[in-house]
$ cat entry_15.cif   # mmCIF, C-alpha atoms
data_final
#
loop_
_atom_site.label_atom_id
_atom_site.label_comp_id
_atom_site.auth_asym_id
_atom_site.auth_seq_id
_atom_site.Cartn_x
_atom_site.Cartn_y
_atom_site.Cartn_z
CA MET A 1 161.07 -38.39 -109.37
CA ALA A 2 163.94 -35.93 -109.14
CA LEU A 3 167.28 -37.49 -109.97
CA SER A 4 169.56 -34.95 -108.30
CA PRO A 5 169.36 -36.63 -104.84
CA ILE A 6 171.25 -39.56 -106.34
CA LEU A 7 174.25 -37.23 -106.52
CA GLN A 8 173.71 -36.36 -102.85
CA LEU A 9 173.19 -32.69 -103.60
CA PRO A 10 171.94 -30.79 -100.55
CA PRO A 11 168.51 -29.15 -100.84
CA GLU A 12 170.10 -25.70 -100.77
CA SER A 13 172.13 -26.43 -103.91
CA PRO A 14 171.63 -23.89 -106.69
CA ALA A 15 168.89 -24.74 -109.15
CA LEU A 16 171.45 -24.77 -111.97
CA ALA A 17 173.52 -27.41 -110.16
CA ARG A 18 170.46 -29.60 -109.60
CA ALA A 19 169.42 -29.22 -113.23
CA ALA A 20 172.92 -30.12 -114.42
CA ALA A 21 172.96 -33.20 -112.16
CA GLU A 22 169.64 -34.40 -113.52
CA ALA A 23 170.70 -33.76 -117.12
CA ILE A 24 173.88 -35.80 -116.61
CA LEU A 25 171.99 -38.68 -115.06
CA ILE A 26 169.33 -38.64 -117.76
CA LEU A 27 172.13 -38.79 -120.35
CA HIS A 28 173.70 -41.68 -118.44
CA ILE A 29 170.43 -43.60 -118.19
CA GLY A 30 169.58 -42.87 -121.81
CA GLY A 31 173.00 -44.06 -122.95
CA GLY A 32 172.56 -47.25 -120.94
CA GLY A 33 169.11 -47.94 -122.37
CA VAL A 34 170.22 -47.34 -125.95
CA GLY A 35 173.33 -49.45 -125.28
CA LEU A 36 171.27 -52.42 -124.10
CA VAL A 37 168.98 -52.33 -127.12
CA SER A 38 171.69 -51.70 -129.71
CA GLY A 39 174.05 -54.22 -128.10
CA ALA A 40 171.39 -56.92 -128.19
CA ALA A 41 170.67 -56.07 -131.81
CA ALA A 42 174.35 -56.20 -132.76
CA ALA A 43 174.65 -59.58 -131.06
CA VAL A 44 171.85 -61.18 -133.07
CA PHE A 45 172.04 -59.41 -136.42
CA ARG A 46 173.93 -61.03 -139.28
CA LYS A 47 177.61 -60.27 -138.65
CA GLY A 48 179.12 -57.89 -141.17
CA GLY A 49 175.70 -56.87 -142.43
CA ARG A 50 174.47 -53.30 -142.60
CA LEU A 51 172.16 -53.65 -139.59
CA HIS A 52 174.94 -55.19 -137.53
CA ARG A 53 177.27 -52.30 -138.36
CA ILE A 54 174.65 -49.69 -137.53
CA ALA A 55 173.77 -51.38 -134.23
CA GLY A 56 177.45 -51.78 -133.38
CA ASN A 57 178.15 -48.11 -134.01
CA VAL A 58 175.23 -47.05 -131.82
CA PHE A 59 176.33 -49.48 -129.10
CA PHE A 60 179.88 -48.11 -129.10
CA VAL A 61 178.80 -44.47 -128.82
CA SER A 62 176.12 -45.13 -126.20
CA MET A 63 178.41 -47.27 -124.05
CA VAL A 64 181.21 -44.72 -124.15
CA THR A 65 178.67 -42.10 -123.08
CA MET A 66 177.21 -44.19 -120.28
CA THR A 67 180.45 -45.55 -118.87
CA GLY A 68 182.30 -42.26 -119.17
CA ILE A 69 179.62 -40.48 -117.17
CA ALA A 70 179.50 -43.29 -114.60
CA ALA A 71 183.25 -43.22 -114.07
CA VAL A 72 183.25 -39.46 -113.49
CA VAL A 73 180.02 -39.06 -111.53
CA ALA A 74 180.02 -42.17 -109.31
CA PRO A 75 182.50 -40.79 -106.71
CA PHE A 76 179.88 -38.15 -105.86
CA THR A 77 177.12 -40.71 -105.29
CA SER A 78 176.39 -43.38 -102.70
CA GLN A 79 177.75 -46.04 -105.08
CA PRO A 80 181.46 -45.30 -105.63
CA PHE A 81 182.09 -48.78 -107.07
CA ASN A 82 180.29 -47.61 -110.19
CA THR A 83 183.46 -45.69 -111.00
CA VAL A 84 185.30 -49.01 -111.19
CA ALA A 85 182.53 -50.67 -113.20
CA GLY A 86 182.32 -47.70 -115.56
CA LEU A 87 186.06 -47.49 -116.09
CA PHE A 88 186.43 -51.23 -116.68
CA THR A 89 183.48 -51.40 -119.08
CA LEU A 90 184.85 -48.40 -120.94
CA TYR A 91 188.19 -50.23 -121.24
CA LEU A 92 186.48 -53.29 -122.70
CA VAL A 93 184.45 -51.31 -125.24
CA VAL A 94 187.28 -49.09 -126.42
CA THR A 95 189.83 -51.91 -126.74
CA ALA A 96 187.28 -53.99 -128.66
CA TRP A 97 186.65 -51.05 -130.99
CA ALA A 98 190.36 -50.35 -131.42
CA THR A 99 190.91 -53.98 -132.36
CA VAL A 100 188.85 -53.66 -135.53
CA ARG A 101 189.81 -50.05 -136.19
CA ARG A 102 193.47 -50.69 -136.88
CA LYS A 103 194.91 -52.84 -139.62
CA GLU A 104 195.56 -56.51 -139.05
CA GLY A 105 198.86 -57.48 -137.52
CA GLY A 106 199.59 -54.08 -136.01
CA VAL A 107 199.45 -52.11 -132.79
CA ASP A 108 199.35 -48.41 -132.07
CA ARG A 109 200.04 -46.18 -129.11
CA PHE A 110 196.66 -46.83 -127.53
CA GLU A 111 197.57 -50.49 -126.99
CA PHE A 112 200.39 -49.37 -124.68
CA ILE A 113 198.00 -47.21 -122.64
CA ALA A 114 195.03 -49.59 -122.41
CA PRO A 115 196.52 -52.02 -119.83
CA PHE A 116 196.96 -49.15 -117.38
CA ILE A 117 193.26 -48.34 -117.66
CA ALA A 118 192.44 -51.91 -116.64
CA LEU A 119 195.02 -51.75 -113.84
CA SER A 120 193.35 -48.59 -112.54
CA ALA A 121 190.00 -50.38 -112.48
CA ILE A 122 191.52 -53.33 -110.63
CA ALA A 123 193.13 -51.02 -108.05
CA GLY A 124 189.88 -49.11 -107.62
CA GLY A 125 188.00 -52.36 -107.11
CA ALA A 126 190.42 -53.44 -104.40
CA ILE A 127 190.10 -50.09 -102.61
CA THR A 128 186.30 -50.02 -102.69
CA ALA A 129 186.09 -53.68 -101.66
CA ALA A 130 188.33 -52.97 -98.66
CA ALA A 131 186.05 -50.10 -97.67
CA ASP A 132 182.83 -52.08 -98.20
CA SER A 133 182.84 -55.89 -98.30
CA SER A 134 179.65 -55.91 -100.41
CA ASN A 135 181.83 -54.74 -103.30
CA ALA A 136 184.09 -57.79 -103.03
CA PRO A 137 182.29 -60.05 -105.57
CA PRO A 138 182.29 -57.51 -108.44
CA ALA A 139 185.84 -56.47 -107.48
CA ILE A 140 186.96 -60.10 -107.84
CA PHE A 141 185.24 -60.25 -111.24
CA VAL A 142 187.14 -57.14 -112.36
CA LEU A 143 190.39 -58.61 -111.00
CA ILE A 144 190.02 -61.92 -112.85
CA ILE A 145 188.74 -60.59 -116.17
CA GLY A 146 190.98 -57.53 -116.01
CA GLY A 147 194.04 -59.66 -115.30
CA LEU A 148 193.20 -61.92 -118.22
CA ALA A 149 192.62 -58.96 -120.52
CA ILE A 150 195.89 -57.29 -119.51
CA THR A 151 197.79 -60.53 -120.16
CA MET A 152 196.28 -60.68 -123.64
CA ASP A 153 197.11 -57.01 -124.21
CA VAL A 154 200.75 -57.61 -123.38
CA LYS A 155 200.94 -60.73 -125.55
CA MET A 156 199.47 -58.84 -128.48
CA ILE A 157 201.96 -56.00 -128.05
CA LEU A 158 204.89 -58.42 -127.89
CA ARG A 159 203.67 -60.17 -131.05
CA GLY A 160 203.25 -56.89 -132.86
CA GLY A 161 199.51 -57.40 -133.37
CA ILE A 162 196.99 -60.11 -134.17
CA SER A 163 194.96 -61.08 -137.22
CA GLY A 164 192.29 -63.44 -138.49
CA GLU A 165 190.18 -65.35 -136.00
CA LYS A 166 192.18 -64.12 -133.00
CA ARG A 167 191.38 -60.57 -133.95
CA ILE A 168 187.67 -61.33 -134.28
CA THR A 169 187.72 -63.21 -130.97
CA ARG A 170 189.31 -60.29 -129.14
CA HIS A 171 186.68 -57.89 -130.47
CA LEU A 172 183.84 -60.31 -129.78
CA TRP A 173 184.47 -61.25 -126.16
CA ARG A 174 185.27 -57.72 -125.02
CA MET A 175 182.15 -56.20 -126.58
CA SER A 176 180.04 -59.08 -125.24
CA LEU A 177 181.35 -58.71 -121.70
CA ALA A 178 180.70 -54.97 -121.82
CA LEU A 179 177.09 -55.73 -122.79
CA PHE A 180 176.91 -58.34 -120.01
CA ILE A 181 178.05 -55.82 -117.40
CA ALA A 182 175.48 -53.31 -118.63
CA SER A 183 172.66 -55.88 -118.64
CA VAL A 184 173.47 -57.15 -115.13
CA SER A 185 173.74 -53.59 -113.85
CA PHE A 186 170.27 -52.81 -115.15
CA PHE A 187 168.22 -55.99 -114.76
CA LEU A 188 169.69 -57.04 -111.41
CA GLY A 189 171.09 -53.79 -110.05
CA GLN A 190 168.26 -51.37 -110.85
CA GLN A 191 165.22 -53.37 -109.84
CA LYS A 192 163.99 -50.52 -107.67
CA ILE A 193 162.91 -48.60 -110.77
CA MET A 194 161.00 -51.54 -112.26
CA PRO A 195 157.24 -52.23 -111.91
CA PRO A 196 156.24 -53.56 -108.47
CA ALA A 197 155.86 -57.15 -109.67
CA MET A 198 159.33 -57.33 -111.21
CA PRO A 199 161.87 -56.87 -108.36
CA GLY A 200 163.24 -60.24 -107.28
CA ALA A 201 161.63 -62.12 -110.17
CA PRO A 202 163.86 -64.98 -111.40
CA ILE A 203 162.99 -64.10 -115.00
CA LEU A 204 165.27 -61.06 -114.72
CA PHE A 205 168.28 -63.37 -114.76
CA VAL A 206 167.44 -64.35 -118.36
CA PRO A 207 168.09 -60.96 -120.00
CA ALA A 208 170.87 -60.25 -117.52
CA PHE A 209 172.90 -63.30 -118.53
CA ALA A 210 171.79 -63.60 -122.16
CA PRO A 211 174.88 -61.70 -123.42
CA LEU A 212 177.09 -64.42 -121.94
CA GLY A 213 175.18 -67.12 -123.81
CA LEU A 214 175.50 -65.21 -127.07
CA MET A 215 179.19 -64.60 -126.41
CA PHE A 216 179.93 -68.30 -125.94
CA TYR A 217 177.88 -69.18 -129.01
CA TRP A 218 179.83 -66.81 -131.26
CA LEU A 219 183.19 -67.71 -129.69
CA PHE A 220 182.52 -71.38 -130.37
CA ARG A 221 181.49 -70.63 -133.92
CA VAL A 222 184.56 -68.48 -134.58
CA ARG A 223 187.13 -70.72 -132.96
CA PHE A 224 185.90 -74.24 -133.68
CA THR A 225 183.45 -74.36 -136.60
CA GLY A 226 185.22 -72.26 -139.18
CA GLY A 227 182.20 -70.00 -139.35
CA PHE A 228 184.43 -67.04 -140.15
CA ARG A 229 186.95 -66.86 -142.94
CA ALA A 230 190.34 -65.50 -142.01
CA ASP A 231 189.96 -62.72 -144.55
CA ALA A 232 186.53 -61.69 -143.25
CA VAL A 233 187.98 -59.37 -140.64
CA THR A 234 186.42 -55.99 -140.14
CA THR A 235 188.07 -52.62 -139.91
CA VAL A 236 186.61 -49.40 -138.61
CA ARG A 237 186.50 -46.14 -140.47
CA GLY A 238 185.69 -43.46 -137.94
CA PRO A 239 182.90 -44.85 -135.76
CA SER A 240 181.61 -47.25 -138.43
CA VAL A 241 182.55 -50.88 -138.93
CA ALA A 242 183.04 -52.16 -142.45
CA ARG A 243 185.23 -54.62 -144.23
CA ALA A 244 188.30 -53.20 -145.89
CA GLY A 245 187.14 -52.28 -149.35
CA GLY A 246 183.64 -51.48 -148.07
CA ARG A 247 182.16 -54.97 -148.35
CA ALA A 248 180.63 -57.03 -145.60
CA PRO A 249 182.44 -60.23 -144.53
CA ALA A 250 181.08 -63.51 -145.82
CA ALA A 251 181.05 -66.93 -144.27
CA ARG A 252 182.29 -70.08 -145.95
CA ASP A 253 178.78 -71.30 -146.48
CA GLY A 254 177.98 -68.19 -148.50
CA ARG A 255 176.23 -66.33 -145.71
CA ALA A 256 177.62 -63.60 -143.53
CA CYS A 257 178.14 -64.74 -139.97
#
$ encode --input "entry_15.cif" --output "structure tokens"
Amino acid sequence: MALSPILQLPPESPALARAAAEAILILHIGGGGVGLVSGAAAAVFRKGGRLHRIAGNVFFVSMVTMTGIAAVVAPFTSQPFNTVAGLFTLYLVVTAWATVRRKEGGVDRFEFIAPFIALSAIAGGAITAAADSSNAPPAIFVLIIGGLAITMDVKMILRGGISGEKRITRHLWRMSLALFIASVSFFLGQQKIMPPAMPGAPILFVPAFAPLGLMFYWLFRVRFTGGFRADAVTTVRGPSVARAGGRAPAARDGRAC
């Protein structure tokens, strides 16, 4: 099936324009598919291990690709709210990545810009919800989570940075929510491209909401069980995640978390 109609290109559009539209959408879909697989892998692999770092790197790149394309292309489609979803998911992924990229207890210029990205997503959600009431539920989600995230951004800036478990928690919940948005968008929002027996099947809610279950599991382990040592905080060198000094973090029980 040709993908260019999704961009509402008229039949008389130049062949080059139609080919470009299809290439962009294939890249978007490919990025989303790779993001779902790599994100799931990063969520279950041993934290700090080599496989976790590789999966996390792939997830970051694929999500930036997918959400960046969605934010730019969605205004030209029949689903303009995807611009809001793409922009907000991009905000979550990039702020999570920036959290482990910089040194502990510090902030950089990006932290002062990031809240405005979330504010733009919230404003866009309000506008699209006013134009189409069916966008109200996801717009409310963006408002609540975005407002919470912005509050945490401001608190971190005022404190001059975060470290230890708080730093891990910030990275964890933002990456997990980005994966959740991607999984819901695919398993519940793209059922029309699934096999005939799948649309409407309750089983689709399992993979769609699995990232939330994994997020709460790891948040509980980080915050309440001491599963992470304070000095087992990761930093990022370029697109890769590794412990300062090049060693993977270890848990108190002798295993990486």
$ resolve_selection --input "entry_15.cif" --expression "the PyMOL selection byres ((chain A and resi 108) around 12)" --output "PyMOL selection string"
chain A and resi 95+98-99+101-107+109-114+153+156-157+160-161
$ residues_around --input "entry_15.cif" --residues "range 62-68 of chain A" --least-positions-apart "5" --cutoff "9 Å" --atoms "only C-alpha atoms" --output "VMD selection string"
chain A and resid 27 to 36 38 57 73 82 to 83 85 to 90 93 to 94 178 to 179 182
$ resolve_selection --input "entry_15.cif" --expression "the PyMOL selection byres ((chain A and resi 188) around 9)" --output "JSON, numbers by chain"
{"A": [183, 184, 185, 186, 187, 189, 190, 191, 199, 200, 204, 205, 208]}
$ atom_distance --input "entry_15.cif" --atom1 "CA of Pro137 in chain A" --atom2 "CA of Ile122 in chain A"
12.5 Å
$ closest_residue --input "entry_15.cif" --among "A:Ala74, A:Leu219, A:Ile181, A:Ala123" --to "Gly39 in chain A" --atoms "only C-alpha atoms"
A:Ile181
$ atom_distance --input "entry_15.cif" --atom1 "CA of Gly124 in chain A" --atom2 "CA of Ile69 in chain A"
16.5 Å
$ residues_around --input "entry_15.cif" --residues "range 168-177 of chain A" --least-positions-apart "6" --cutoff "7 Å" --atoms "all atoms listed in the file" --output "number ranges by chain"
A: 92-93, 96-97, 99-100, 211-212, 215, 219, 233
$ closest_residue --input "entry_15.cif" --among "A:Val44, A:Ala149, A:Ala197, A:Val61" --to "Phe116 in chain A" --atoms "only C-alpha atoms"
A:Ala149
$ atom_distance --input "entry_15.cif" --atom1 "CA of Pro202 in chain A" --atom2 "CA of Asp132 in chain A"
26.5 Å
$ closest_residue --input "entry_15.cif" --among "A:Phe45, A:Phe224, A:Phe60, A:Tyr91" --to "Lys166 in chain A" --atoms "all atoms listed in the file"
A:Phe224
